[in-house]
Amino acid sequence: MIRQLVEEDRKVTLDFVSQKPAENLFIIGDIEAYGFTNPIQKLWGDFVENGELRGILLNYDGNFIVYAPEEYDAKGFAEIINHDEKYEFISGIEQIVVKLEPYLTSKPSNPRVLYYAKCEHAKGLQEVPTEIEVKKATPDDAERIIDQMYGIPEFATSTFSVERKRESLSNKSARTYFIEEDGRIISSASSTAENSQSAMIVGVGTLSGYEKKGLASYCMSILCTELLNEGKMLCLFYDNPAAGSIYKRIGFVDIGKWCMWSFK
């Protein structure tokens, strides 16, 4: 049976998704931030006959995320998605998301699949030399951080928002560590979608001309150490095995692939 989740379902819902805090980073964060009554999002639960929860579907402003560790009512969840005229994205662990596809009335125009990894215990983090100063960003650094992101070739075609960066640094759903030279940020590493249990690592990069000095590794070392010391599980996406090998040396392990289906 599928029904919309309400505030009274908070404990059973969080208990369910907290069994896999990496896989459910976005769901946990959205529940903690917006709850069950904010009109920006809705959640549905798939319950078996004894009342046990076996699957969750979340819609945040046209973006659907599905999670179920085993079998679930994929047809029922797909019908909810099909009836939403404004939905643009579906995401989640690949083996969970693909079960929806036979029942969707639309096909994704831009299906993307990324490797998904988590880290509970870091190893091999670079020690920061005493002559290197790694700073923690404040909301006032948002514009400089975004300028640096656009200056890195692999991020140049991405879309970043200074206001969103400033807001996330202000409400502590994200943090950034950076290294600067002559007032310009040349290397940084960030977290995003932070919640009480997990955090996503993003934006690890260095400007051209400053690479191969270990600067991004120093930023990431400080960032990862701080988050792990707070008891948060680290997660990240990567799109090629070469990048994955770097993260695996730190202690990340693959937990599957993450689907990002666009229906624009």
# chains A, B, ... in the order shown; residues from 1 in each chain; ligands from 1
>>> residues_around(residues="Gly244 in chain A", least_positions_apart="4", cutoff="10 Å", atoms="only C-alpha atoms", output="list in words")
Tyr115, Tyr116, Ala117, Leu236, Phe237, Tyr238, Asp239, Asn240, Lys248, Arg249, Phe252, Val253 and Asp254 of chain A
>>> residues_around(residues="Val128 in chain A", least_positions_apart="4", cutoff="12 Å", atoms="only C-alpha atoms", output="CSV table (one decimal) with N, CA and C atoms, in the first residue's frame")
chain,number,residue,atom,x,y,z
A,132,ILE,N,51.6,26.0,4.2
A,132,ILE,CA,50.4,26.1,3.4
A,132,ILE,C,49.2,26.4,4.3
A,133,GLU,N,48.5,27.5,4.0
A,133,GLU,CA,47.4,27.9,4.8
A,133,GLU,C,46.1,27.5,4.1
A,134,VAL,N,45.3,26.7,4.7
A,134,VAL,CA,44.0,26.2,4.2
A,134,VAL,C,42.9,27.0,5.1
A,135,LYS,N,42.1,27.7,4.4
A,135,LYS,CA,41.1,28.5,5.1
A,135,LYS,C,39.7,28.0,4.9
A,179,ILE,N,42.5,27.4,-0.6
A,179,ILE,CA,43.8,28.0,-0.6
A,179,ILE,C,43.8,29.1,-1.6
A,213,LYS,N,50.5,20.1,-7.3
A,213,LYS,CA,51.2,20.6,-6.1
A,213,LYS,C,50.5,20.0,-4.8
A,214,GLY,N,49.4,19.2,-5.0
A,214,GLY,CA,48.7,18.6,-3.9
A,214,GLY,C,47.8,19.6,-3.2
A,215,LEU,N,47.5,20.7,-3.8
A,215,LEU,CA,46.7,21.7,-3.1
A,215,LEU,C,45.2,21.3,-2.8
A,216,ALA,N,44.6,20.7,-3.8
A,216,ALA,CA,43.2,20.2,-3.7
A,216,ALA,C,43.2,19.0,-2.6
A,217,SER,N,44.3,18.2,-2.6
A,217,SER,CA,44.4,17.2,-1.6
A,217,SER,C,44.4,17.7,-0.2
A,218,TYR,N,45.1,18.9,0.0
A,218,TYR,CA,45.2,19.5,1.3
A,218,TYR,C,43.8,20.0,1.7
A,219,CYS,N,43.1,20.6,0.8
A,219,CYS,CA,41.8,21.1,1.1
A,219,CYS,C,40.9,20.0,1.5
A,220,MET,N,40.9,18.9,0.7
A,220,MET,CA,40.1,17.8,0.9
A,220,MET,C,40.4,17.1,2.3
A,221,SER,N,41.7,17.0,2.6
A,221,SER,CA,42.1,16.4,3.9
A,221,SER,C,41.5,17.1,5.1
A,222,ILE,N,41.5,18.5,5.1
A,222,ILE,CA,40.9,19.2,6.2
A,222,ILE,C,39.4,19.0,6.2
A,223,LEU,N,38.8,19.1,5.0
A,223,LEU,CA,37.3,18.9,4.9
A,223,LEU,C,36.9,17.6,5.4
A,225,THR,N,38.4,15.3,7.2
A,225,THR,CA,38.7,15.0,8.6
A,225,THR,C,37.7,15.7,9.5
>>> select_by_dssp(residues="range 2-210 of chain A", states="alpha helix (DSSP H)", output="PyMOL selection string")
chain A and resi 10-17+25-34+74-82+94-97+142-150+162-170
>>> write_last_selection(atoms="C-alpha atoms", output="PDB file, in the first residue's frame")
ATOM      1  CA  ARG A  10       8.852  11.077  10.785  1.00  0.00           C
ATOM      2  CA  LYS A  11      10.417   8.514  13.125  1.00  0.00           C
ATOM      3  CA  VAL A  12       9.609   5.421  11.081  1.00  0.00           C
ATOM      4  CA  THR A  13      10.740   7.199   7.911  1.00  0.00           C
ATOM      5  CA  LEU A  14      14.048   8.422   9.331  1.00  0.00           C
ATOM      6  CA  ASP A  15      14.697   5.035  10.955  1.00  0.00           C
ATOM      7  CA  PHE A  16      14.177   3.423   7.543  1.00  0.00           C
ATOM      8  CA  VAL A  17      16.464   5.701   5.519  1.00  0.00           C
ATOM      9  CA  LEU A  25      21.808  11.552   1.842  1.00  0.00           C
ATOM     10  CA  PHE A  26      19.352  13.703  -0.102  1.00  0.00           C
ATOM     11  CA  ILE A  27      16.201  12.221   1.441  1.00  0.00           C
ATOM     12  CA  ILE A  28      17.532  12.639   4.993  1.00  0.00           C
ATOM     13  CA  GLY A  29      18.630  16.188   4.276  1.00  0.00           C
ATOM     14  CA  ASP A  30      15.302  17.176   2.748  1.00  0.00           C
ATOM     15  CA  ILE A  31      13.321  15.706   5.636  1.00  0.00           C
ATOM     16  CA  GLU A  32      15.492  17.491   8.191  1.00  0.00           C
ATOM     17  CA  ALA A  33      15.277  20.769   6.272  1.00  0.00           C
ATOM     18  CA  TYR A  34      11.639  20.799   5.107  1.00  0.00           C
ATOM     19  CA  ALA A  74       7.514   0.355  -8.760  1.00  0.00           C
ATOM     20  CA  LYS A  75       4.267   0.615 -10.738  1.00  0.00           C
ATOM     21  CA  GLY A  76       2.578   2.503  -7.916  1.00  0.00           C
ATOM     22  CA  PHE A  77       5.456   4.964  -7.545  1.00  0.00           C
ATOM     23  CA  ALA A  78       5.608   5.429 -11.330  1.00  0.00           C
ATOM     24  CA  GLU A  79       1.902   6.303 -11.412  1.00  0.00           C
ATOM     25  CA  ILE A  80       2.530   9.083  -8.880  1.00  0.00           C
ATOM     26  CA  ILE A  81       5.345  10.424 -11.051  1.00  0.00           C
ATOM     27  CA  ASN A  82       3.270  10.163 -14.232  1.00  0.00           C
ATOM     28  CA  GLU A  94      20.546   2.662 -10.490  1.00  0.00           C
ATOM     29  CA  GLN A  95      19.145  -0.766  -9.634  1.00  0.00           C
ATOM     30  CA  ILE A  96      16.258   0.918  -7.802  1.00  0.00           C
ATOM     31  CA  VAL A  97      15.456   3.560 -10.404  1.00  0.00           C
ATOM     32  CA  ALA A 142      30.863  32.715  -2.157  1.00  0.00           C
ATOM     33  CA  GLU A 143      31.589  34.823  -5.235  1.00  0.00           C
ATOM     34  CA  ARG A 144      35.302  34.018  -5.196  1.00  0.00           C
ATOM     35  CA  ILE A 145      34.577  30.298  -4.840  1.00  0.00           C
ATOM     36  CA  ILE A 146      32.244  30.351  -7.841  1.00  0.00           C
ATOM     37  CA  ASP A 147      34.797  32.314  -9.878  1.00  0.00           C
ATOM     38  CA  GLN A 148      37.350  29.610  -9.125  1.00  0.00           C
ATOM     39  CA  MET A 149      34.940  26.843 -10.119  1.00  0.00           C
ATOM     40  CA  TYR A 150      34.354  28.423 -13.522  1.00  0.00           C
ATOM     41  CA  VAL A 162      26.643  32.670  -6.078  1.00  0.00           C
ATOM     42  CA  GLU A 163      23.443  33.230  -4.129  1.00  0.00           C
ATOM     43  CA  ARG A 164      22.891  29.507  -3.605  1.00  0.00           C
ATOM     44  CA  LYS A 165      26.502  29.088  -2.503  1.00  0.00           C
ATOM     45  CA  ARG A 166      26.191  31.978  -0.083  1.00  0.00           C
ATOM     46  CA  GLU A 167      22.936  30.573   1.304  1.00  0.00           C
ATOM     47  CA  SER A 168      24.348  27.060   1.794  1.00  0.00           C
ATOM     48  CA  LEU A 169      27.401  28.435   3.595  1.00  0.00           C
ATOM     49  CA  SER A 170      25.114  30.545   5.770  1.00  0.00           C
TER      50      SER A 170
END
>>> closest_residue(among="A:Gly209, A:Gly92, A:Gly62, A:Gly256", to="Pro111 in chain A", atoms="only C-alpha atoms")
A:Gly92
>>> residues_around(residues="range 37-42 of chain A", least_positions_apart="2", cutoff="7 Å", atoms="only C-alpha atoms", output="list in words")
Tyr34, Gly35, Trp44, Leu58, Asn59, Tyr60 and Asp61 of chain A
>>> atom_distance(atom1="CA of Arg3 in chain A", atom2="CA of Leu43 in chain A")
8.7 Å
>>> atom_distance(atom1="CA of Ser190 in chain A", atom2="CA of Lys118 in chain A")
15.4 Å
>>> atom_distance(atom1="CA of Gln126 in chain A", atom2="CA of Ser191 in chain A")
17.9 Å
>>> closest_residue(among="A:Ala68, A:Asn24, A:Asp46, A:Phe36", to="Cys235 in chain A", atoms="only C-alpha atoms")
A:Asn24
>>> select_by_dssp(residues="range 55-225 of chain A", states="strand (DSSP E)", output="PyMOL selection string")
chain A and resi 55-60+63-67+89-93+110-119+135-136+175-181+184-192+198-206
>>> closest_residue(among="A:Lys257, A:Lys232, A:Arg112, A:Lys212", to="Met200 in chain A", atoms="only C-alpha atoms")
A:Lys232
